[in-house]
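The next block is data_5.txt, given as compact mmCIF, N, CA and C atoms and all ligand atoms.
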```
# COMPACT_ATOMS: atom_id res chain seq x y z
N MET A 1 -5.44 -14.06 -10.21
CA MET A 1 -4.10 -14.04 -9.62
C MET A 1 -4.03 -15.04 -8.48
N ASN A 2 -2.95 -15.80 -8.43
CA ASN A 2 -2.77 -16.74 -7.32
C ASN A 2 -1.52 -16.35 -6.52
N SER A 3 -1.24 -17.14 -5.49
CA SER A 3 -0.15 -16.77 -4.59
C SER A 3 1.21 -16.81 -5.30
N ILE A 4 1.35 -17.67 -6.32
CA ILE A 4 2.62 -17.72 -7.06
C ILE A 4 2.79 -16.44 -7.88
N ASP A 5 1.69 -15.99 -8.53
CA ASP A 5 1.75 -14.73 -9.27
C ASP A 5 2.12 -13.58 -8.34
N TYR A 6 1.52 -13.58 -7.15
CA TYR A 6 1.80 -12.51 -6.18
C TYR A 6 3.26 -12.57 -5.72
N ALA A 7 3.76 -13.78 -5.52
CA ALA A 7 5.17 -13.93 -5.11
C ALA A 7 6.10 -13.44 -6.23
N LEU A 8 5.74 -13.73 -7.48
CA LEU A 8 6.54 -13.25 -8.61
C LEU A 8 6.48 -11.72 -8.69
N PHE A 9 5.25 -11.19 -8.49
CA PHE A 9 5.10 -9.73 -8.49
C PHE A 9 6.00 -9.10 -7.42
N ARG A 10 5.94 -9.64 -6.20
CA ARG A 10 6.75 -9.08 -5.11
C ARG A 10 8.24 -9.15 -5.44
N SER A 11 8.66 -10.28 -6.00
CA SER A 11 10.07 -10.45 -6.33
C SER A 11 10.52 -9.42 -7.37
N GLU A 12 9.75 -9.26 -8.44
CA GLU A 12 10.14 -8.30 -9.48
C GLU A 12 9.98 -6.86 -9.01
N PHE A 13 8.95 -6.62 -8.19
CA PHE A 13 8.73 -5.27 -7.65
C PHE A 13 9.89 -4.89 -6.72
N ARG A 14 10.35 -5.84 -5.93
CA ARG A 14 11.48 -5.62 -5.01
C ARG A 14 12.75 -5.31 -5.81
N THR A 15 12.97 -6.07 -6.87
CA THR A 15 14.14 -5.83 -7.72
C THR A 15 14.07 -4.44 -8.34
N ALA A 16 12.88 -4.06 -8.83
CA ALA A 16 12.71 -2.77 -9.49
C ALA A 16 12.92 -1.60 -8.52
N LEU A 17 12.40 -1.72 -7.31
CA LEU A 17 12.45 -0.61 -6.36
C LEU A 17 13.72 -0.62 -5.52
N GLY A 18 14.41 -1.74 -5.47
CA GLY A 18 15.54 -1.87 -4.56
C GLY A 18 15.01 -2.24 -3.19
N GLU A 19 15.87 -2.82 -2.34
CA GLU A 19 15.43 -3.32 -1.05
C GLU A 19 14.79 -2.24 -0.18
N ASP A 20 15.44 -1.08 -0.06
CA ASP A 20 14.91 -0.02 0.80
C ASP A 20 13.59 0.54 0.24
N GLY A 21 13.56 0.75 -1.07
CA GLY A 21 12.35 1.28 -1.69
C GLY A 21 11.17 0.33 -1.55
N TYR A 22 11.44 -0.97 -1.73
CA TYR A 22 10.39 -1.99 -1.60
C TYR A 22 9.84 -2.00 -0.17
N ARG A 23 10.74 -2.03 0.82
CA ARG A 23 10.29 -2.08 2.22
C ARG A 23 9.52 -0.81 2.59
N ARG A 24 9.97 0.32 2.06
CA ARG A 24 9.28 1.58 2.33
C ARG A 24 7.88 1.56 1.72
N PHE A 25 7.78 1.01 0.50
CA PHE A 25 6.48 0.93 -0.18
C PHE A 25 5.53 0.04 0.60
N VAL A 26 6.00 -1.14 1.01
CA VAL A 26 5.15 -2.08 1.74
C VAL A 26 4.74 -1.49 3.09
N ALA A 27 5.70 -0.85 3.77
CA ALA A 27 5.42 -0.26 5.08
C ALA A 27 4.37 0.85 4.97
N ALA A 28 4.38 1.58 3.87
CA ALA A 28 3.41 2.68 3.69
C ALA A 28 2.00 2.13 3.50
N GLY A 29 1.91 0.87 3.08
CA GLY A 29 0.59 0.24 2.96
C GLY A 29 -0.13 0.61 1.68
N THR A 30 -1.16 -0.18 1.39
CA THR A 30 -1.94 0.05 0.19
C THR A 30 -3.43 0.03 0.50
N ALA A 31 -3.75 -0.19 1.78
CA ALA A 31 -5.16 -0.40 2.16
C ALA A 31 -6.02 0.83 1.90
N ARG A 32 -5.50 1.99 2.21
CA ARG A 32 -6.30 3.19 2.01
C ARG A 32 -6.01 3.73 0.62
N ARG A 33 -5.36 4.85 0.53
CA ARG A 33 -5.02 5.46 -0.75
C ARG A 33 -3.51 5.40 -0.91
N LEU A 34 -3.07 5.17 -2.13
CA LEU A 34 -1.63 5.21 -2.36
C LEU A 34 -1.16 6.65 -2.26
N ARG A 35 0.05 6.80 -1.74
CA ARG A 35 0.66 8.13 -1.71
C ARG A 35 1.16 8.43 -3.12
N TYR A 36 1.40 9.70 -3.36
CA TYR A 36 1.82 10.11 -4.71
C TYR A 36 3.07 9.35 -5.16
N TRP A 37 4.09 9.28 -4.28
CA TRP A 37 5.34 8.60 -4.67
C TRP A 37 5.09 7.12 -4.93
N GLN A 38 4.11 6.51 -4.25
CA GLN A 38 3.79 5.10 -4.51
C GLN A 38 3.17 4.97 -5.91
N GLU A 39 2.28 5.90 -6.26
CA GLU A 39 1.67 5.87 -7.59
C GLU A 39 2.73 6.00 -8.67
N VAL A 40 3.71 6.87 -8.43
CA VAL A 40 4.79 7.07 -9.40
C VAL A 40 5.60 5.78 -9.56
N GLU A 41 5.97 5.17 -8.43
CA GLU A 41 6.77 3.92 -8.48
C GLU A 41 5.98 2.80 -9.17
N LEU A 42 4.71 2.71 -8.86
CA LEU A 42 3.88 1.65 -9.44
C LEU A 42 3.71 1.84 -10.95
N LYS A 43 3.51 3.09 -11.35
CA LYS A 43 3.34 3.38 -12.78
C LYS A 43 4.62 3.03 -13.55
N LYS A 44 5.77 3.37 -12.97
CA LYS A 44 7.05 3.02 -13.61
C LYS A 44 7.19 1.50 -13.72
N PHE A 45 6.82 0.80 -12.64
CA PHE A 45 6.95 -0.67 -12.63
C PHE A 45 6.02 -1.29 -13.67
N PHE A 46 4.77 -0.85 -13.74
CA PHE A 46 3.82 -1.42 -14.70
C PHE A 46 4.23 -1.10 -16.14
N ALA A 47 4.88 0.03 -16.35
CA ALA A 47 5.36 0.36 -17.70
C ALA A 47 6.44 -0.62 -18.14
N LEU A 48 7.30 -1.02 -17.19
CA LEU A 48 8.38 -1.97 -17.50
C LEU A 48 7.89 -3.41 -17.48
N HIS A 49 6.85 -3.70 -16.70
CA HIS A 49 6.34 -5.07 -16.53
C HIS A 49 4.83 -5.10 -16.76
N PRO A 50 4.39 -4.86 -18.00
CA PRO A 50 2.93 -4.84 -18.24
C PRO A 50 2.26 -6.18 -17.93
N GLU A 51 3.04 -7.26 -17.97
CA GLU A 51 2.48 -8.58 -17.66
C GLU A 51 2.18 -8.73 -16.17
N ARG A 52 2.67 -7.82 -15.35
CA ARG A 52 2.45 -7.89 -13.90
C ARG A 52 1.41 -6.87 -13.43
N GLN A 53 0.63 -6.34 -14.35
CA GLN A 53 -0.40 -5.34 -14.02
C GLN A 53 -1.38 -5.90 -12.99
N LEU A 54 -1.64 -5.15 -11.92
CA LEU A 54 -2.58 -5.55 -10.88
C LEU A 54 -3.56 -4.41 -10.65
N ASP A 55 -4.80 -4.77 -10.27
CA ASP A 55 -5.72 -3.71 -9.83
C ASP A 55 -5.45 -3.47 -8.33
N MET A 56 -6.13 -2.51 -7.75
CA MET A 56 -5.82 -2.12 -6.37
C MET A 56 -6.11 -3.24 -5.36
N THR A 57 -7.16 -4.02 -5.60
CA THR A 57 -7.47 -5.13 -4.70
C THR A 57 -6.37 -6.18 -4.77
N GLN A 58 -5.93 -6.49 -5.97
CA GLN A 58 -4.85 -7.47 -6.15
C GLN A 58 -3.55 -6.96 -5.55
N LEU A 59 -3.29 -5.65 -5.72
CA LEU A 59 -2.07 -5.07 -5.16
C LEU A 59 -2.08 -5.21 -3.63
N ALA A 60 -3.22 -4.90 -3.02
CA ALA A 60 -3.33 -5.03 -1.56
C ALA A 60 -3.10 -6.48 -1.14
N ASP A 61 -3.65 -7.45 -1.89
CA ASP A 61 -3.43 -8.86 -1.57
C ASP A 61 -1.96 -9.24 -1.74
N ALA A 62 -1.36 -8.79 -2.84
CA ALA A 62 0.03 -9.15 -3.14
C ALA A 62 1.00 -8.59 -2.10
N LEU A 63 0.71 -7.39 -1.61
CA LEU A 63 1.65 -6.72 -0.70
C LEU A 63 1.21 -6.81 0.76
N ARG A 64 0.32 -7.75 1.08
CA ARG A 64 -0.07 -7.94 2.48
C ARG A 64 0.98 -8.82 3.14
N VAL A 65 2.16 -8.24 3.28
CA VAL A 65 3.32 -8.93 3.84
C VAL A 65 3.99 -8.01 4.86
N CYS A 66 4.81 -8.60 5.71
CA CYS A 66 5.56 -7.81 6.67
C CYS A 66 6.81 -7.28 6.00
N GLU A 67 7.01 -5.96 6.08
CA GLU A 67 8.18 -5.36 5.44
C GLU A 67 9.48 -5.73 6.15
N LEU A 68 9.41 -6.20 7.39
CA LEU A 68 10.61 -6.62 8.10
C LEU A 68 10.92 -8.09 7.90
N HIS A 69 9.89 -8.94 7.97
CA HIS A 69 10.11 -10.39 7.97
C HIS A 69 9.68 -11.07 6.67
N ASP A 70 9.05 -10.33 5.79
CA ASP A 70 8.62 -10.84 4.47
C ASP A 70 7.51 -11.87 4.52
N GLY A 71 7.06 -12.24 5.70
CA GLY A 71 6.00 -13.25 5.79
C GLY A 71 4.65 -12.69 5.40
N LEU A 72 3.77 -13.56 4.93
CA LEU A 72 2.40 -13.15 4.63
C LEU A 72 1.70 -12.85 5.95
N LEU A 73 0.90 -11.78 5.96
CA LEU A 73 0.14 -11.45 7.17
C LEU A 73 -1.05 -12.39 7.28
N GLN A 74 -1.36 -12.76 8.52
CA GLN A 74 -2.48 -13.65 8.82
C GLN A 74 -3.63 -12.82 9.39
N SER A 75 -4.84 -13.28 9.14
CA SER A 75 -6.02 -12.57 9.63
C SER A 75 -6.49 -13.19 10.93
N GLU A 76 -6.98 -12.32 11.81
CA GLU A 76 -7.50 -12.78 13.10
C GLU A 76 -8.61 -11.82 13.52
N VAL A 77 -9.64 -12.35 14.13
CA VAL A 77 -10.72 -11.51 14.65
C VAL A 77 -10.48 -11.31 16.14
N VAL A 78 -10.50 -10.05 16.57
CA VAL A 78 -10.26 -9.75 17.98
C VAL A 78 -11.39 -8.89 18.54
N GLU A 79 -11.49 -8.93 19.85
CA GLU A 79 -12.52 -8.16 20.55
C GLU A 79 -12.06 -6.71 20.71
N VAL A 80 -13.00 -5.80 20.62
CA VAL A 80 -12.71 -4.38 20.85
C VAL A 80 -13.04 -4.07 22.29
N ILE A 81 -12.09 -3.44 22.99
CA ILE A 81 -12.37 -3.08 24.39
C ILE A 81 -12.77 -1.61 24.46
N ASP A 82 -13.64 -1.30 25.40
CA ASP A 82 -14.14 0.06 25.56
C ASP A 82 -13.14 0.84 26.41
N GLY A 83 -12.57 1.90 25.84
CA GLY A 83 -11.63 2.70 26.60
C GLY A 83 -10.53 3.26 25.72
N CYS A 84 -9.55 3.87 26.40
CA CYS A 84 -8.40 4.46 25.71
C CYS A 84 -7.13 3.83 26.26
N ILE A 85 -6.15 3.65 25.41
CA ILE A 85 -4.87 3.07 25.83
C ILE A 85 -3.75 4.02 25.44
N ASP A 86 -2.88 4.34 26.39
CA ASP A 86 -1.69 5.13 26.10
C ASP A 86 -0.47 4.23 26.25
N TYR A 87 0.36 4.20 25.22
CA TYR A 87 1.57 3.39 25.26
C TYR A 87 2.76 4.29 25.52
N SER A 88 3.80 3.73 26.15
CA SER A 88 5.01 4.51 26.38
C SER A 88 5.72 4.72 25.04
N GLN A 89 6.51 5.79 24.97
CA GLN A 89 7.26 6.06 23.74
C GLN A 89 8.26 4.93 23.47
N THR A 90 8.81 4.36 24.53
CA THR A 90 9.75 3.24 24.37
C THR A 90 9.07 2.08 23.66
N TYR A 91 7.85 1.77 24.10
CA TYR A 91 7.12 0.67 23.46
C TYR A 91 6.78 1.01 22.01
N LEU A 92 6.30 2.24 21.78
CA LEU A 92 5.92 2.64 20.41
C LEU A 92 7.13 2.58 19.48
N ASP A 93 8.30 3.01 19.97
CA ASP A 93 9.52 2.96 19.15
C ASP A 93 9.90 1.52 18.83
N ALA A 94 9.81 0.65 19.85
CA ALA A 94 10.15 -0.76 19.65
C ALA A 94 9.16 -1.40 18.67
N ARG A 95 7.89 -1.07 18.82
CA ARG A 95 6.87 -1.65 17.94
C ARG A 95 7.13 -1.23 16.50
N ARG A 96 7.40 0.05 16.29
CA ARG A 96 7.63 0.56 14.93
C ARG A 96 8.86 -0.11 14.31
N GLY A 97 9.91 -0.28 15.10
CA GLY A 97 11.18 -0.75 14.54
C GLY A 97 11.38 -2.25 14.54
N THR A 98 10.69 -2.96 15.45
CA THR A 98 11.00 -4.37 15.66
C THR A 98 9.84 -5.31 15.39
N PHE A 99 8.61 -4.86 15.64
CA PHE A 99 7.46 -5.75 15.42
C PHE A 99 6.24 -4.94 14.94
N PRO A 100 6.38 -4.32 13.75
CA PRO A 100 5.31 -3.41 13.28
C PRO A 100 3.97 -4.10 13.02
N HIS A 101 3.99 -5.41 12.77
CA HIS A 101 2.73 -6.11 12.46
C HIS A 101 2.40 -7.18 13.49
N ALA A 102 2.81 -6.95 14.74
CA ALA A 102 2.44 -7.92 15.78
C ALA A 102 0.92 -7.91 15.98
N ALA A 103 0.31 -6.74 15.90
CA ALA A 103 -1.14 -6.60 16.08
C ALA A 103 -1.59 -7.36 17.32
N ALA A 104 -0.78 -7.28 18.37
CA ALA A 104 -1.07 -8.02 19.59
C ALA A 104 -1.59 -7.11 20.69
N ASP A 105 -1.62 -5.81 20.45
CA ASP A 105 -2.16 -4.88 21.44
C ASP A 105 -3.68 -4.91 21.35
N PRO A 106 -4.34 -4.67 22.47
CA PRO A 106 -5.80 -4.64 22.43
C PRO A 106 -6.29 -3.55 21.47
N VAL A 107 -7.38 -3.83 20.79
CA VAL A 107 -8.02 -2.80 19.96
C VAL A 107 -9.02 -2.10 20.86
N SER A 108 -8.88 -0.78 20.99
CA SER A 108 -9.75 -0.05 21.90
C SER A 108 -10.59 0.96 21.14
N THR A 109 -11.68 1.35 21.74
CA THR A 109 -12.61 2.28 21.08
C THR A 109 -12.04 3.70 21.01
N GLU A 110 -11.12 4.02 21.92
CA GLU A 110 -10.54 5.37 21.99
C GLU A 110 -11.65 6.43 22.03
N GLY A 111 -12.72 6.11 22.70
CA GLY A 111 -13.81 7.07 22.88
C GLY A 111 -14.88 7.05 21.82
N ARG A 112 -14.65 6.34 20.71
CA ARG A 112 -15.66 6.30 19.65
C ARG A 112 -16.83 5.41 20.09
N MET A 113 -18.03 5.85 19.73
CA MET A 113 -19.23 5.12 20.13
C MET A 113 -19.69 4.13 19.05
N ASP A 114 -19.15 4.28 17.84
CA ASP A 114 -19.68 3.50 16.71
C ASP A 114 -18.80 2.31 16.35
N MET A 115 -17.97 1.86 17.29
CA MET A 115 -17.07 0.73 17.00
C MET A 115 -17.82 -0.60 17.12
N PRO A 116 -17.52 -1.54 16.22
CA PRO A 116 -18.09 -2.88 16.38
C PRO A 116 -17.44 -3.57 17.58
N THR A 117 -18.02 -4.65 18.05
CA THR A 117 -17.44 -5.36 19.20
C THR A 117 -16.30 -6.28 18.77
N LEU A 118 -16.27 -6.64 17.49
CA LEU A 118 -15.20 -7.47 16.96
C LEU A 118 -14.64 -6.82 15.70
N VAL A 119 -13.33 -6.87 15.53
CA VAL A 119 -12.71 -6.37 14.31
C VAL A 119 -11.66 -7.37 13.83
N SER A 120 -11.35 -7.30 12.56
CA SER A 120 -10.34 -8.16 11.97
C SER A 120 -9.01 -7.42 11.94
N VAL A 121 -7.94 -8.10 12.32
CA VAL A 121 -6.60 -7.50 12.25
C VAL A 121 -5.69 -8.42 11.45
N TRP A 122 -4.64 -7.85 10.89
CA TRP A 122 -3.64 -8.62 10.15
C TRP A 122 -2.37 -8.64 10.98
N TYR A 123 -1.77 -9.82 11.15
CA TYR A 123 -0.55 -9.90 11.94
C TYR A 123 0.49 -10.77 11.25
N CYS A 124 1.73 -10.56 11.68
CA CYS A 124 2.88 -11.33 11.21
C CYS A 124 3.34 -12.20 12.38
N ALA A 125 3.46 -13.49 12.15
CA ALA A 125 3.86 -14.41 13.22
C ALA A 125 5.26 -14.07 13.74
N ALA A 126 6.17 -13.69 12.85
CA ALA A 126 7.54 -13.34 13.28
C ALA A 126 7.52 -12.06 14.12
N CYS A 127 6.65 -11.11 13.78
CA CYS A 127 6.51 -9.89 14.59
C CYS A 127 6.01 -10.25 15.99
N ARG A 128 5.07 -11.18 16.06
CA ARG A 128 4.55 -11.57 17.39
C ARG A 128 5.66 -12.21 18.22
N ALA A 129 6.49 -13.02 17.58
CA ALA A 129 7.60 -13.64 18.30
C ALA A 129 8.59 -12.56 18.76
N ALA A 130 8.84 -11.58 17.90
CA ALA A 130 9.76 -10.48 18.26
C ALA A 130 9.18 -9.65 19.41
N ARG A 131 7.87 -9.45 19.40
CA ARG A 131 7.21 -8.70 20.47
C ARG A 131 7.33 -9.46 21.79
N SER A 132 7.08 -10.77 21.75
CA SER A 132 7.19 -11.59 22.96
C SER A 132 8.61 -11.52 23.52
N ALA A 133 9.60 -11.62 22.63
CA ALA A 133 10.99 -11.54 23.07
C ALA A 133 11.26 -10.17 23.72
N TRP A 134 10.75 -9.10 23.09
CA TRP A 134 10.94 -7.74 23.61
C TRP A 134 10.28 -7.60 24.98
N MET A 135 9.06 -8.14 25.12
CA MET A 135 8.32 -8.04 26.38
C MET A 135 9.02 -8.80 27.50
N ASN A 136 9.74 -9.89 27.14
CA ASN A 136 10.40 -10.70 28.17
C ASN A 136 11.82 -10.24 28.48
N GLU A 137 12.29 -9.23 27.70
CA GLU A 137 13.63 -8.69 27.99
C GLU A 137 13.59 -7.97 29.32
N PRO A 138 14.62 -8.13 30.14
CA PRO A 138 14.66 -7.32 31.37
C PRO A 138 14.83 -5.85 31.02
N PRO A 139 14.18 -4.94 31.78
CA PRO A 139 14.26 -3.50 31.46
C PRO A 139 15.67 -2.94 31.57
ZN ZN B 201 6.92 -9.15 10.83
```

Please rewrite the model in this file as structure tokens.
Amino acid sequence: MNSIDYALFRSEFRTALGEDGYRRFVAAGTARRLRYWQEVELKKFFALHPERQLDMTQLADALRVCELHDGLLQSEVVEVIDGCIDYSQTYLDARRGTFPHAAADPVSTEGRMDMPTLVSVWYCAACRAARSAWMNEPP
């Protein structure tokens, strides 16, 4: 599978699920386990589009996009800081609604002792720009 195949998959998957369903599916993620409703939607899609059949690794690659901005997520290695971070509800709400894939907050151990010193994160450039704009807004 190449990036054109993945783009075609996303386009047909979006058409099949509708805009809201597609964004909900992408936002739910595929990295861990699919939720039951995701399995149902995927099975329906593959039944209608057998030529677009993907395994789970390919599905994760194809849908590694921002559900808000549609851009492909970029990989970056960041340092893990020792400690715990509490964010305000205002920030968490803004992050969820406006820049869900900024991945610009520090990665912290949250008390775990077995964390590596470096981890890989996926981010959306448009989310980072939206986060910067939000951070620079006067309160
Ligand atoms: Zn984004």

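The binding environment of ligand ZN 201 (chain B), defined as every protein, DNA or RNA residue with an atom no more than 6.5 Å away and counting only N, CA and C atoms and all ligand atoms, comprises A:Cys66, A:Glu67, A:Leu68, A:His69, A:Asp70, A:Gly71, A:Phe99, A:Pro100, A:His101, A:Ala102, A:Cys124, A:Ala125, A:Ala126, A:Cys127, A:Arg128.
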
Dump as a PDB file, in the coordinates of the input, selection limited to N, CA and C atoms:
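Written output follows (selection-v8.pdb):
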```pdb
ATOM      1  N   CYS A  66       4.810  -8.600   5.710  1.00  0.00           N
ATOM      2  CA  CYS A  66       5.560  -7.810   6.670  1.00  0.00           C
ATOM      3  C   CYS A  66       6.810  -7.280   6.000  1.00  0.00           C
ATOM      4  N   GLU A  67       7.010  -5.960   6.080  1.00  0.00           N
ATOM      5  CA  GLU A  67       8.180  -5.360   5.440  1.00  0.00           C
ATOM      6  C   GLU A  67       9.480  -5.730   6.150  1.00  0.00           C
ATOM      7  N   LEU A  68       9.410  -6.200   7.390  1.00  0.00           N
ATOM      8  CA  LEU A  68      10.610  -6.620   8.100  1.00  0.00           C
ATOM      9  C   LEU A  68      10.920  -8.090   7.900  1.00  0.00           C
ATOM     10  N   HIS A  69       9.890  -8.940   7.970  1.00  0.00           N
ATOM     11  CA  HIS A  69      10.110 -10.390   7.970  1.00  0.00           C
ATOM     12  C   HIS A  69       9.680 -11.070   6.670  1.00  0.00           C
ATOM     13  N   ASP A  70       9.050 -10.330   5.790  1.00  0.00           N
ATOM     14  CA  ASP A  70       8.620 -10.840   4.470  1.00  0.00           C
ATOM     15  C   ASP A  70       7.510 -11.870   4.520  1.00  0.00           C
ATOM     16  N   GLY A  71       7.060 -12.240   5.700  1.00  0.00           N
ATOM     17  CA  GLY A  71       6.000 -13.250   5.790  1.00  0.00           C
ATOM     18  C   GLY A  71       4.650 -12.690   5.400  1.00  0.00           C
ATOM     19  N   PHE A  99       8.610  -4.860  15.640  1.00  0.00           N
ATOM     20  CA  PHE A  99       7.460  -5.750  15.420  1.00  0.00           C
ATOM     21  C   PHE A  99       6.240  -4.940  14.940  1.00  0.00           C
ATOM     22  N   PRO A 100       6.380  -4.320  13.750  1.00  0.00           N
ATOM     23  CA  PRO A 100       5.310  -3.410  13.280  1.00  0.00           C
ATOM     24  C   PRO A 100       3.970  -4.100  13.020  1.00  0.00           C
ATOM     25  N   HIS A 101       3.990  -5.410  12.770  1.00  0.00           N
ATOM     26  CA  HIS A 101       2.730  -6.110  12.460  1.00  0.00           C
ATOM     27  C   HIS A 101       2.400  -7.180  13.490  1.00  0.00           C
ATOM     28  N   ALA A 102       2.810  -6.950  14.740  1.00  0.00           N
ATOM     29  CA  ALA A 102       2.440  -7.920  15.780  1.00  0.00           C
ATOM     30  C   ALA A 102       0.920  -7.910  15.980  1.00  0.00           C
ATOM     31  N   CYS A 124       1.730 -10.560  11.680  1.00  0.00           N
ATOM     32  CA  CYS A 124       2.880 -11.330  11.210  1.00  0.00           C
ATOM     33  C   CYS A 124       3.340 -12.200  12.380  1.00  0.00           C
ATOM     34  N   ALA A 125       3.460 -13.490  12.150  1.00  0.00           N
ATOM     35  CA  ALA A 125       3.860 -14.410  13.220  1.00  0.00           C
ATOM     36  C   ALA A 125       5.260 -14.070  13.740  1.00  0.00           C
ATOM     37  N   ALA A 126       6.170 -13.690  12.850  1.00  0.00           N
ATOM     38  CA  ALA A 126       7.540 -13.340  13.280  1.00  0.00           C
ATOM     39  C   ALA A 126       7.520 -12.060  14.120  1.00  0.00           C
ATOM     40  N   CYS A 127       6.650 -11.110  13.780  1.00  0.00           N
ATOM     41  CA  CYS A 127       6.510  -9.890  14.590  1.00  0.00           C
ATOM     42  C   CYS A 127       6.010 -10.250  15.990  1.00  0.00           C
ATOM     43  N   ARG A 128       5.070 -11.180  16.060  1.00  0.00           N
ATOM     44  CA  ARG A 128       4.550 -11.570  17.390  1.00  0.00           C
ATOM     45  C   ARG A 128       5.660 -12.210  18.220  1.00  0.00           C
TER      46      ARG A 128
END
```

For this session: Rounded to one decimal place, report the atom N of Asp105 in chain A-atom N of Val78 in chain A distance in Å.
Result: 10.6 Å

Exercise. When you draw a straight line from CA of Leu92 in chain A to CA of Trp122 in chain A, how long is it in Å?
Worked result: 18.0 Å

Seminar exercise, completed: Between atom N of Glu39 in chain A and atom C of Met1 in chain A lies a distance of 22.0 Å

Problem set entry | Selection: 6.5 Å around range 7-16 of chain A, all atoms listed in the file, excl. self and same-chain fewer than 5 positions, as a PyMOL selection string | chain A and resi 2+22+52+62

Residues as selected, N, CA and C atoms, written as a PDB file, keeping the file's coordinate frame, can you do that?
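Result file follows (again-v1.pdb):
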```
ATOM      1  N   ASN A   2      -2.950 -15.800  -8.430  1.00  0.00           N
ATOM      2  CA  ASN A   2      -2.770 -16.740  -7.320  1.00  0.00           C
ATOM      3  C   ASN A   2      -1.520 -16.350  -6.520  1.00  0.00           C
ATOM      4  N   TYR A  22      11.440  -0.970  -1.730  1.00  0.00           N
ATOM      5  CA  TYR A  22      10.390  -1.990  -1.600  1.00  0.00           C
ATOM      6  C   TYR A  22       9.840  -2.000  -0.170  1.00  0.00           C
ATOM      7  N   ARG A  52       2.670  -7.820 -15.350  1.00  0.00           N
ATOM      8  CA  ARG A  52       2.450  -7.890 -13.900  1.00  0.00           C
ATOM      9  C   ARG A  52       1.410  -6.870 -13.430  1.00  0.00           C
ATOM     10  N   ALA A  62      -1.360  -8.790  -2.840  1.00  0.00           N
ATOM     11  CA  ALA A  62       0.030  -9.150  -3.140  1.00  0.00           C
ATOM     12  C   ALA A  62       1.000  -8.590  -2.100  1.00  0.00           C
TER      13      ALA A  62
END
```

For this session: Select from range 17-117 of chain A everything DSSP, run on the backbone, classes as strand (DSSP E), then give the selection as number ranges by chain.
Result: A: 74-81, 107-108

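Around the point (2.3, -1.8, 3.6), within 9 Å and counting only C-alpha atoms, we find these residues: Arg23, Arg24, Phe25, Val26, Ala27, Ala28, Gly29, Thr30, Ala31, Ala60, Leu63, Arg64, Val65, Cys66 and Glu67 of chain A.
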
Can I get the selected residues back with N, CA and C atoms, as a JSON list (two decimals), in the coordinates of the input?
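Output below, filename result-v3.json:
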```json
[["chain", "number", "residue", "atom", "x", "y", "z"],
["A", 23, "ARG", "N", 10.74, -2.03, 0.82],
["A", 23, "ARG", "CA", 10.29, -2.08, 2.22],
["A", 23, "ARG", "C", 9.52, -0.81, 2.59],
["A", 24, "ARG", "N", 9.97, 0.32, 2.06],
["A", 24, "ARG", "CA", 9.28, 1.58, 2.33],
["A", 24, "ARG", "C", 7.88, 1.56, 1.72],
["A", 25, "PHE", "N", 7.78, 1.01, 0.50],
["A", 25, "PHE", "CA", 6.48, 0.93, -0.18],
["A", 25, "PHE", "C", 5.53, 0.04, 0.60],
["A", 26, "VAL", "N", 6.00, -1.14, 1.01],
["A", 26, "VAL", "CA", 5.15, -2.08, 1.74],
["A", 26, "VAL", "C", 4.74, -1.49, 3.09],
["A", 27, "ALA", "N", 5.70, -0.85, 3.77],
["A", 27, "ALA", "CA", 5.42, -0.26, 5.08],
["A", 27, "ALA", "C", 4.37, 0.85, 4.97],
["A", 28, "ALA", "N", 4.38, 1.58, 3.87],
["A", 28, "ALA", "CA", 3.41, 2.68, 3.69],
["A", 28, "ALA", "C", 2.00, 2.13, 3.50],
["A", 29, "GLY", "N", 1.91, 0.87, 3.08],
["A", 29, "GLY", "CA", 0.59, 0.24, 2.96],
["A", 29, "GLY", "C", -0.13, 0.61, 1.68],
["A", 30, "THR", "N", -1.16, -0.18, 1.39],
["A", 30, "THR", "CA", -1.94, 0.05, 0.19],
["A", 30, "THR", "C", -3.43, 0.03, 0.50],
["A", 31, "ALA", "N", -3.75, -0.19, 1.78],
["A", 31, "ALA", "CA", -5.16, -0.40, 2.16],
["A", 31, "ALA", "C", -6.02, 0.83, 1.90],
["A", 60, "ALA", "N", -3.22, -4.90, -3.02],
["A", 60, "ALA", "CA", -3.33, -5.03, -1.56],
["A", 60, "ALA", "C", -3.10, -6.48, -1.14],
["A", 63, "LEU", "N", 0.71, -7.39, -1.61],
["A", 63, "LEU", "CA", 1.65, -6.72, -0.70],
["A", 63, "LEU", "C", 1.21, -6.81, 0.76],
["A", 64, "ARG", "N", 0.32, -7.75, 1.08],
["A", 64, "ARG", "CA", -0.07, -7.94, 2.48],
["A", 64, "ARG", "C", 0.98, -8.82, 3.14],
["A", 65, "VAL", "N", 2.16, -8.24, 3.28],
["A", 65, "VAL", "CA", 3.32, -8.93, 3.84],
["A", 65, "VAL", "C", 3.99, -8.01, 4.86],
["A", 66, "CYS", "N", 4.81, -8.60, 5.71],
["A", 66, "CYS", "CA", 5.56, -7.81, 6.67],
["A", 66, "CYS", "C", 6.81, -7.28, 6.00],
["A", 67, "GLU", "N", 7.01, -5.96, 6.08],
["A", 67, "GLU", "CA", 8.18, -5.36, 5.44],
["A", 67, "GLU", "C", 9.48, -5.73, 6.15]]
```

Exercise. So which bits of chain A end up helix (DSSP H, G or I) when you DSSP the backbone, as a PyMOL selection string?
Worked result: chain A and resi 3-28+36-48+50-52+56-62+89-98+125-136

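Residue nearest Ala103 in chain A, chosen from A:Thr90, A:Glu76, A:Val40, A:Tyr123 and counting only N, CA and C atoms: A:Tyr123.
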
For this session: Considering all atoms listed in the file, return as JSON, numbers by chain whatever protein or nucleic-acid residues lie within 7 Å of Thr117 in chain A, sequence-local ones (same chain, fewer than 6 positions apart) excluded.
Result: {"A": [78, 79, 80, 81]}

Problem set entry | Expected residue set, 5 Å radius at (-9.3, -9.8, 9.8), only N, CA and C atoms, as a ChimeraX atom specification | /A:75-76,120-121

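Considering only C-alpha atoms, the residue among A:Ser132, A:Val77, A:Gly18, A:Gln38 positioned nearest to Leu118 in chain A is A:Val77.
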